[in-house]
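Engineer: Below is the file work.pdb, which contains PDB, C-alpha atoms.
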```
ATOM      1  CA  MET N   1      94.143 100.276 108.317
ATOM      2  CA  LYS N   2      96.102  97.055 108.600
ATOM      3  CA  ASP N   3      94.816  94.327 106.266
ATOM      4  CA  VAL N   4      92.703  96.868 104.314
ATOM      5  CA  TYR N   5      94.305  97.715 100.979
ATOM      6  CA  THR N   6      93.156 100.714  98.917
ATOM      7  CA  LEU N   7      94.255 101.281  95.330
ATOM      8  CA  ASN N   8      95.240 104.884  94.666
ATOM      9  CA  HIS N   9      96.600 104.609  91.120
ATOM     10  CA  PRO N  10      95.657 107.672  88.999
ATOM     11  CA  VAL N  11      93.980 105.605  86.274
ATOM     12  CA  ILE N  12      91.927 103.724  88.856
ATOM     13  CA  GLN N  13      90.867 106.960  90.524
ATOM     14  CA  HIS N  14      89.929 108.413  87.128
ATOM     15  CA  ASN N  15      87.657 105.448  86.434
ATOM     16  CA  LEU N  16      86.224 105.660  89.938
ATOM     17  CA  ALA N  17      85.107 109.197  89.092
ATOM     18  CA  VAL N  18      83.184 107.796  86.110
ATOM     19  CA  ILE N  19      81.638 105.105  88.300
ATOM     20  CA  ARG N  20      80.511 107.608  90.938
ATOM     21  CA  ASP N  21      79.193 110.315  88.578
ATOM     22  CA  LYS N  22      75.400 110.166  88.267
ATOM     23  CA  ASN N  23      75.583 111.785  84.828
ATOM     24  CA  TYR N  24      77.322 108.828  83.181
ATOM     25  CA  ASP N  25      75.221 106.106  81.548
ATOM     26  CA  CYS N  26      75.208 102.409  82.487
ATOM     27  CA  GLU N  27      77.495 101.421  79.621
ATOM     28  CA  SER N  28      80.163 103.874  80.793
ATOM     29  CA  PHE N  29      79.696 102.602  84.345
ATOM     30  CA  ARG N  30      80.234  98.975  83.329
ATOM     31  CA  THR N  31      83.286  99.821  81.190
ATOM     32  CA  ALA N  32      84.919 101.720  84.047
ATOM     33  CA  MET N  33      84.054  98.894  86.448
ATOM     34  CA  ARG N  34      85.816  96.409  84.202
ATOM     35  CA  ARG N  35      88.973  98.533  84.048
ATOM     36  CA  VAL N  36      89.095  98.861  87.821
ATOM     37  CA  SER N  37      88.354  95.144  88.288
ATOM     38  CA  TYR N  38      91.657  94.105  86.707
ATOM     39  CA  ALA N  39      93.611  96.139  89.244
ATOM     40  CA  LEU N  40      91.517  94.860  92.147
ATOM     41  CA  PHE N  41      92.077  91.218  91.254
ATOM     42  CA  LEU N  42      95.764  91.558  90.568
ATOM     43  CA  GLU N  43      96.103  93.078  94.041
ATOM     44  CA  ALA N  44      93.812  90.480  95.634
ATOM     45  CA  THR N  45      95.790  87.564  94.188
ATOM     46  CA  LYS N  46      99.350  88.776  94.695
ATOM     47  CA  LEU N  47      99.870  86.610  97.794
ATOM     48  CA  LEU N  48      98.640  83.335  96.293
ATOM     49  CA  PRO N  49     101.243  80.603  96.896
ATOM     50  CA  THR N  50     103.605  79.711  94.078
ATOM     51  CA  VAL N  51     106.032  76.910  93.275
ATOM     52  CA  LYS N  52     109.062  76.666  91.014
ATOM     53  CA  LYS N  53     108.565  75.150  87.564
ATOM     54  CA  MET N  54     111.116  74.334  84.903
ATOM     55  CA  ILE N  55     110.109  75.764  81.536
ATOM     56  CA  GLU N  56     111.879  76.168  78.226
ATOM     57  CA  THR N  57     111.917  79.434  76.304
ATOM     58  CA  PRO N  58     113.017  79.562  72.638
ATOM     59  CA  LEU N  59     116.520  80.289  73.976
ATOM     60  CA  LYS N  60     117.066  78.173  77.109
ATOM     61  CA  LYS N  61     115.585  76.317  80.031
ATOM     62  CA  MET N  62     114.772  78.301  83.161
ATOM     63  CA  VAL N  63     112.929  78.109  86.465
ATOM     64  CA  GLN N  64     109.771  80.218  86.725
ATOM     65  CA  ASN N  65     107.319  80.781  89.580
ATOM     66  CA  VAL N  66     103.798  79.521  88.853
ATOM     67  CA  LEU N  67     100.660  79.202  90.944
ATOM     68  CA  ASP N  68     100.821  76.170  93.227
ATOM     69  CA  PRO N  69      98.762  73.483  91.408
ATOM     70  CA  ASP N  70      97.741  71.958  94.754
ATOM     71  CA  ILE N  71      95.708  74.944  95.907
ATOM     72  CA  GLU N  72      91.985  75.302  95.336
ATOM     73  CA  ILE N  73      90.764  78.788  94.373
ATOM     74  CA  ILE N  74      87.121  79.735  94.892
ATOM     75  CA  LEU N  75      85.410  82.857  93.541
ATOM     76  CA  ALA N  76      82.322  83.636  95.597
ATOM     77  CA  PRO N  77      80.259  86.517  94.150
ATOM     78  CA  ILE N  78      77.444  87.840  96.316
ATOM     79  CA  LEU N  79      74.405  88.167  94.061
ATOM     80  CA  ARG N  80      73.451  90.173  92.265
ATOM     81  CA  ALA N  81      76.064  92.909  91.986
ATOM     82  CA  GLY N  82      79.029  90.622  92.686
ATOM     83  CA  VAL N  83      78.487  88.982  89.309
ATOM     84  CA  ALA N  84      79.939  92.135  87.719
ATOM     85  CA  PHE N  85      83.380  91.039  88.903
ATOM     86  CA  CYS N  86      83.146  87.464  87.643
ATOM     87  CA  ASP N  87      84.240  87.867  84.006
ATOM     88  CA  VAL N  88      87.494  89.575  84.946
ATOM     89  CA  ALA N  89      88.078  87.251  87.910
ATOM     90  CA  GLN N  90      87.658  84.146  85.743
ATOM     91  CA  GLU N  91      89.872  85.633  83.046
ATOM     92  CA  ILE N  92      92.659  86.121  85.588
ATOM     93  CA  LEU N  93      91.972  82.825  87.403
ATOM     94  CA  PRO N  94      90.518  80.420  84.806
ATOM     95  CA  GLU N  95      91.197  77.447  87.084
ATOM     96  CA  ALA N  96      89.031  78.857  89.892
ATOM     97  CA  ARG N  97      85.628  77.480  90.856
ATOM     98  CA  VAL N  98      82.669  79.884  91.107
ATOM     99  CA  GLN N  99      80.232  79.520  94.000
ATOM    100  CA  HIS N 100      77.338  82.006  93.943
ATOM    101  CA  LEU N 101      75.968  83.417  97.193
ATOM    102  CA  GLY N 102      72.453  84.841  96.931
ATOM    103  CA  MET N 103      71.438  87.483  99.477
ATOM    104  CA  TYR N 104      69.353  90.614  99.512
ATOM    105  CA  ARG N 105      69.223  93.235 102.220
ATOM    106  CA  ASP N 106      66.109  93.728 104.319
ATOM    107  CA  GLU N 107      65.654  97.498 104.002
ATOM    108  CA  GLU N 108      64.207  97.813 107.511
ATOM    109  CA  THR N 109      66.681  95.737 109.525
ATOM    110  CA  LEU N 110      69.635  96.070 107.076
ATOM    111  CA  LYS N 111      70.246  92.362 107.675
ATOM    112  CA  PRO N 112      70.949  89.926 104.808
ATOM    113  CA  VAL N 113      68.220  87.536 103.718
ATOM    114  CA  TRP N 114      69.531  84.377 102.042
ATOM    115  CA  TYR N 115      67.803  82.963  98.984
ATOM    116  CA  TYR N 116      70.588  80.966  97.262
ATOM    117  CA  ASN N 117      73.741  79.180  98.380
ATOM    118  CA  LYS N 118      75.873  77.423  95.779
ATOM    119  CA  THR N 119      78.773  76.535  98.046
ATOM    120  CA  PHE N 120      80.122  72.996  98.057
ATOM    121  CA  LYS N 121      82.176  70.848 100.331
ATOM    122  CA  ILE N 122      85.812  71.909 100.174
ATOM    123  CA  SER N 123      87.373  69.263  97.934
ATOM    124  CA  GLN N 124      90.922  69.593  99.192
ATOM    125  CA  ASN N 125      92.624  70.351 102.470
ATOM    126  CA  PRO N 126      90.956  73.586 103.672
ATOM    127  CA  ASN N 127      94.390  74.979 104.464
ATOM    128  CA  ASN N 128      95.116  74.865 100.713
ATOM    129  CA  THR N 129      91.858  76.610  99.777
ATOM    130  CA  HIS N 130      91.838  80.317  98.899
ATOM    131  CA  VAL N 131      88.559  82.221  98.645
ATOM    132  CA  LEU N 132      87.855  85.575  97.009
ATOM    133  CA  ILE N 133      84.464  86.955  98.019
ATOM    134  CA  LEU N 134      83.178  89.484  95.492
ATOM    135  CA  ASP N 135      80.790  92.375  96.068
ATOM    136  CA  PRO N 136      81.168  95.939  94.750
ATOM    137  CA  MET N 137      79.962  97.462  98.033
ATOM    138  CA  LEU N 138      80.992  96.805 101.641
ATOM    139  CA  ALA N 139      78.325  98.825 103.452
ATOM    140  CA  THR N 140      77.098  97.494 106.810
ATOM    141  CA  GLY N 141      79.280  94.422 106.349
ATOM    142  CA  ASN N 142      76.464  92.055 107.315
ATOM    143  CA  SER N 143      76.320  90.231 103.958
ATOM    144  CA  ALA N 144      80.113  90.066 103.788
ATOM    145  CA  ARG N 145      80.248  88.692 107.319
ATOM    146  CA  ASP N 146      77.733  85.934 106.508
ATOM    147  CA  ALA N 147      79.616  85.026 103.326
ATOM    148  CA  ILE N 148      82.982  84.812 105.085
ATOM    149  CA  LYS N 149      81.489  82.750 107.915
ATOM    150  CA  ILE N 150      80.387  80.062 105.448
ATOM    151  CA  TYR N 151      83.999  79.400 104.459
ATOM    152  CA  VAL N 152      85.428  79.786 107.947
ATOM    153  CA  ASP N 153      82.918  77.163 109.097
ATOM    154  CA  LYS N 154      84.218  74.866 106.340
ATOM    155  CA  GLY N 155      87.700  75.157 107.821
ATOM    156  CA  VAL N 156      89.241  77.713 105.439
ATOM    157  CA  PRO N 157      91.775  79.816 107.394
ATOM    158  CA  ILE N 158      90.770  83.457 107.646
ATOM    159  CA  GLU N 159      94.143  84.456 106.186
ATOM    160  CA  ASN N 160      93.156  82.588 102.990
ATOM    161  CA  ILE N 161      89.989  84.669 102.514
ATOM    162  CA  VAL N 162      89.977  88.013 100.691
ATOM    163  CA  PHE N 163      86.990  90.330 100.379
ATOM    164  CA  VAL N 164      87.111  92.284  97.099
ATOM    165  CA  CYS N 165      84.982  95.403  96.738
ATOM    166  CA  LEU N 166      84.895  98.675  94.883
ATOM    167  CA  LEU N 167      83.856 100.865  97.822
ATOM    168  CA  ALA N 168      83.845 100.280 101.571
ATOM    169  CA  ALA N 169      82.244 102.105 104.484
ATOM    170  CA  PRO N 170      84.150 102.373 107.779
ATOM    171  CA  GLU N 171      81.200 100.682 109.500
ATOM    172  CA  GLY N 172      81.514  97.634 107.256
ATOM    173  CA  VAL N 173      85.264  97.411 107.750
ATOM    174  CA  ARG N 174      84.814  97.566 111.537
ATOM    175  CA  ASN N 175      82.115  94.881 111.387
ATOM    176  CA  LEU N 176      84.392  92.431 109.561
ATOM    177  CA  ARG N 177      87.416  93.183 111.707
ATOM    178  CA  ALA N 178      85.404  92.797 114.929
ATOM    179  CA  THR N 179      84.176  89.383 113.781
ATOM    180  CA  PHE N 180      87.162  87.941 111.920
ATOM    181  CA  GLY N 181      90.177  90.034 112.887
ATOM    182  CA  PRO N 182      92.776  90.084 110.107
ATOM    183  CA  VAL N 183      90.544  89.352 107.101
ATOM    184  CA  LYS N 184      92.010  91.051 104.025
ATOM    185  CA  ILE N 185      89.877  93.676 102.276
ATOM    186  CA  ILE N 186      90.839  94.971  98.830
ATOM    187  CA  THR N 187      89.035  98.147  97.747
ATOM    188  CA  VAL N 188      89.459 101.341  95.778
ATOM    189  CA  SER N 189      88.107 103.671  98.460
ATOM    190  CA  ILE N 190      87.015 103.745 102.077
ATOM    191  CA  ASP N 191      84.248 106.336 101.965
ATOM    192  CA  ASP N 192      82.956 108.627 104.705
ATOM    193  CA  CYS N 193      80.067 106.775 106.340
ATOM    194  CA  LEU N 194      76.658 105.134 105.903
ATOM    195  CA  ASN N 195      73.468 107.178 105.739
ATOM    196  CA  GLU N 196      70.250 106.333 107.596
ATOM    197  CA  ALA N 197      69.212 103.934 104.821
ATOM    198  CA  GLY N 198      72.503 102.029 104.993
ATOM    199  CA  TYR N 199      73.943 103.427 101.741
ATOM    200  CA  ILE N 200      77.606 104.366 101.440
ATOM    201  CA  VAL N 201      78.253 108.129 101.342
ATOM    202  CA  PRO N 202      79.413 109.637  99.010
ATOM    203  CA  GLY N 203      79.205 106.221  97.333
ATOM    204  CA  LEU N 204      77.715 105.655  93.907
ATOM    205  CA  GLY N 205      74.090 104.756  94.552
ATOM    206  CA  ASP N 206      72.870 101.201  93.998
ATOM    207  CA  ALA N 207      75.633  99.264  92.229
ATOM    208  CA  GLY N 208      73.301  96.493  91.069
ATOM    209  CA  ASP N 209      70.899  98.947  89.456
ATOM    210  CA  LYS N 210      73.726 100.637  87.559
ATOM    211  CA  ILE N 211      75.329  97.367  86.462
ATOM    212  CA  PHE N 212      72.094  95.825  85.204
ATOM    213  CA  ASN N 213      70.402  99.071  84.053
ATOM    214  CA  THR N 214      67.436  98.709  86.416
ATOM    215  CA  ILE N 215      67.532 102.291  87.652
TER     216      ILE N 215
END
```
Would you put the structure from the file into structure tokens?

Structural biologist:
Amino acid sequence: MKDVYTLNHPVIQHNLAVIRDKNYDCESFRTAMRRVSYALFLEATKLLPTVKKMIETPLKKMVQNVLDPDIEIILAPILRAGVAFCDVAQEILPEARVQHLGMYRDEETLKPVWYYNKTFKISQNPNNTHVLILDPMLATGNSARDAIKIYVDKGVPIENIVFVCLLAAPEGVRNLRATFGPVKIITVSIDDCLNEAGYIVPGLGDAGDKIFNTI
């Protein structure tokens, strides 16, 4: 699908097998998640704008591309499972601001219920703001849609927003595309479907439970 990027590297797929397998413990799950996270964020950030900078190596001066210092980068993890991506994301983008988005899913309606919103006024020109929304699972897409809408309503161009997830369901992808058109989605796999309870199939179960050992 256009604007949906899946990572098919053998090492990533190997770690995805660990993440999916119900027989692995939570420590193995978290370790594999961290390995995959590096690849996800390198892919998600490859289109960030750069500028030329003169630097000096031990041998000579040269011009090197660096991240544009005028852009604002926001990491927006959807609680609770999105926090699992934060350590790697902040390691790769130490200059980024973190804005937590607290939602849980009503198990009857499958709609998101907000309980926390740590977004701020965009401090720079919204056109220079780039947002990475973080959540391991894109299931129905309702939570992702609400999170993206917050930043669109603040004036951030949709092309500056990236949704980063481990797994996606076709239903969630369609939901985001129907609402926002060309929003970029970075994932490791687009799975088969959602079941009656709104879980991704084959999926991996509840990501939050596995991350925080609350199974």

Engineer: From the options N:Thr214, N:Gln124, N:Thr140, N:Ser189, which residue's atoms come nearest to Ile71 (chain N), counting all atoms listed in the file?

Structural biologist: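 Distance minimum relative to Ile71 (chain N) lands on N:Gln124.
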
Engineer: Which residues, named as in the file, does the PyMOL selection byres ((chain N and resi 147) around 10) pick out? Answer as a list in words.

Structural biologist: Ala76, Pro77, Ile78, Leu101, Gly102, Met103, Asn117, Ile133, Leu134, Gly141, Asn142, Ser143, Ala144, Arg145, Asp146, Ile148, Lys149, Ile150, Tyr151, Val152 and Phe163 of chain N

Engineer: What gap, in Å, lies between CA of Pro69 (chain N) and CA of Asp135 (chain N)?

Structural biologist: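 Interatomic distance here is 26.5 Å.
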
Engineer: Taking into account only C-alpha atoms, which residue in the set N:Ile161, N:Val11, N:Leu204, N:Ala139 is nearest to Val173 (chain N)?

Structural biologist: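 With only C-alpha atoms as the atom set, the closest residue is N:Ala139.
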
Engineer: Set the distance at 12 Å and use all atoms listed in the file: which residues neighbour Thr129 (chain N) once local chain neighbours fewer than 5 positions away are removed? I'd like the list as a ChimeraX atom specification.

Structural biologist: /N:48-49,68-75,96-97,121-124,151-152,154-162

Engineer: Report as JSON lines the residues of region 71-149 of chain N within 9 Å of region 24-34 of chain N, each with its shortest atom pair and distance in Å (one decimal), using all atoms listed in the file, ordered by chain and increasing residue number.

Structural biologist:
```
{"residue": "N:Ala84", "atom": "CA", "partner": "N:Met33", "partner_atom": "CA", "distance": 8.0}
{"residue": "N:Phe85", "atom": "CA", "partner": "N:Arg34", "partner_atom": "CA", "distance": 7.5}
{"residue": "N:Asp87", "atom": "CA", "partner": "N:Arg34", "partner_atom": "CA", "distance": 8.7}
{"residue": "N:Val88", "atom": "CA", "partner": "N:Arg34", "partner_atom": "CA", "distance": 7.1}
```

Engineer: What gap, in Å, lies between CA of Asn128 (chain N) and CA of Ala168 (chain N)?

Structural biologist: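 A separation of 27.8 Å between them.
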
Engineer: Could you give me, as a VMD selection string, the residues within 7 Å of Val113 (chain N), counting only C-alpha atoms and dropping anything in the same chain fewer than 5 positions from it?

Structural biologist: chain N and resid 103 to 106

Engineer: Using only C-alpha atoms, please write the residues we just selected to a file, as a PDB file, keeping the file's coordinate frame.

Structural biologist:
```pdb
ATOM      1  CA  MET N 103      71.438  87.483  99.477  1.00  0.00           C
ATOM      2  CA  TYR N 104      69.353  90.614  99.512  1.00  0.00           C
ATOM      3  CA  ARG N 105      69.223  93.235 102.220  1.00  0.00           C
ATOM      4  CA  ASP N 106      66.109  93.728 104.319  1.00  0.00           C
TER       5      ASP N 106
END
```

Engineer: Which distance in Å separates CA of Phe180 (chain N) and CA of Leu93 (chain N), to one decimal?

Structural biologist: 25.5 Å

Engineer: When distances are computed from all atoms listed in the file, which of N:Leu7, N:Val201, N:Leu138, N:Leu110 shows the smallest separation from Leu42 (chain N)?

Structural biologist: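 Looking at the shortest contact to Leu42 (chain N), the residue is N:Leu7.
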
Engineer: Restricting the calculation to only C-alpha atoms, which member of N:Leu59, N:Ala169, N:Leu176, N:Ile92 is positioned closest to Ala39 (chain N)?

Structural biologist: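 Selected residue with least distance to Ala39 (chain N): N:Ile92.
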
Engineer: Pick the closest to Gly203 (chain N) from N:Leu47, N:Ala17, N:Ala178, N:Val4: which is it, counting only C-alpha atoms?

Structural biologist: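 Closest candidate: N:Ala17.
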
Engineer: Let me have the centre and edge lengths in Å, one decimal, of the box along x, y and z around every listed atom of region 113-120 of chain N with 3 Å of margin on each side, as AutoDock Vina command-line options.

Structural biologist:
```
--center_x 74.0 --center_y 80.3 --center_z 99.7 --size_x 18.3 --size_y 20.5 --size_z 13.9
```

Engineer: Check what the PyMOL selection byres ((chain N and resi 190) around 8) selects in the file above and give those residues as an MDAnalysis selection string.

Structural biologist: chainID N and resid 6 167:170 187:189 191:192
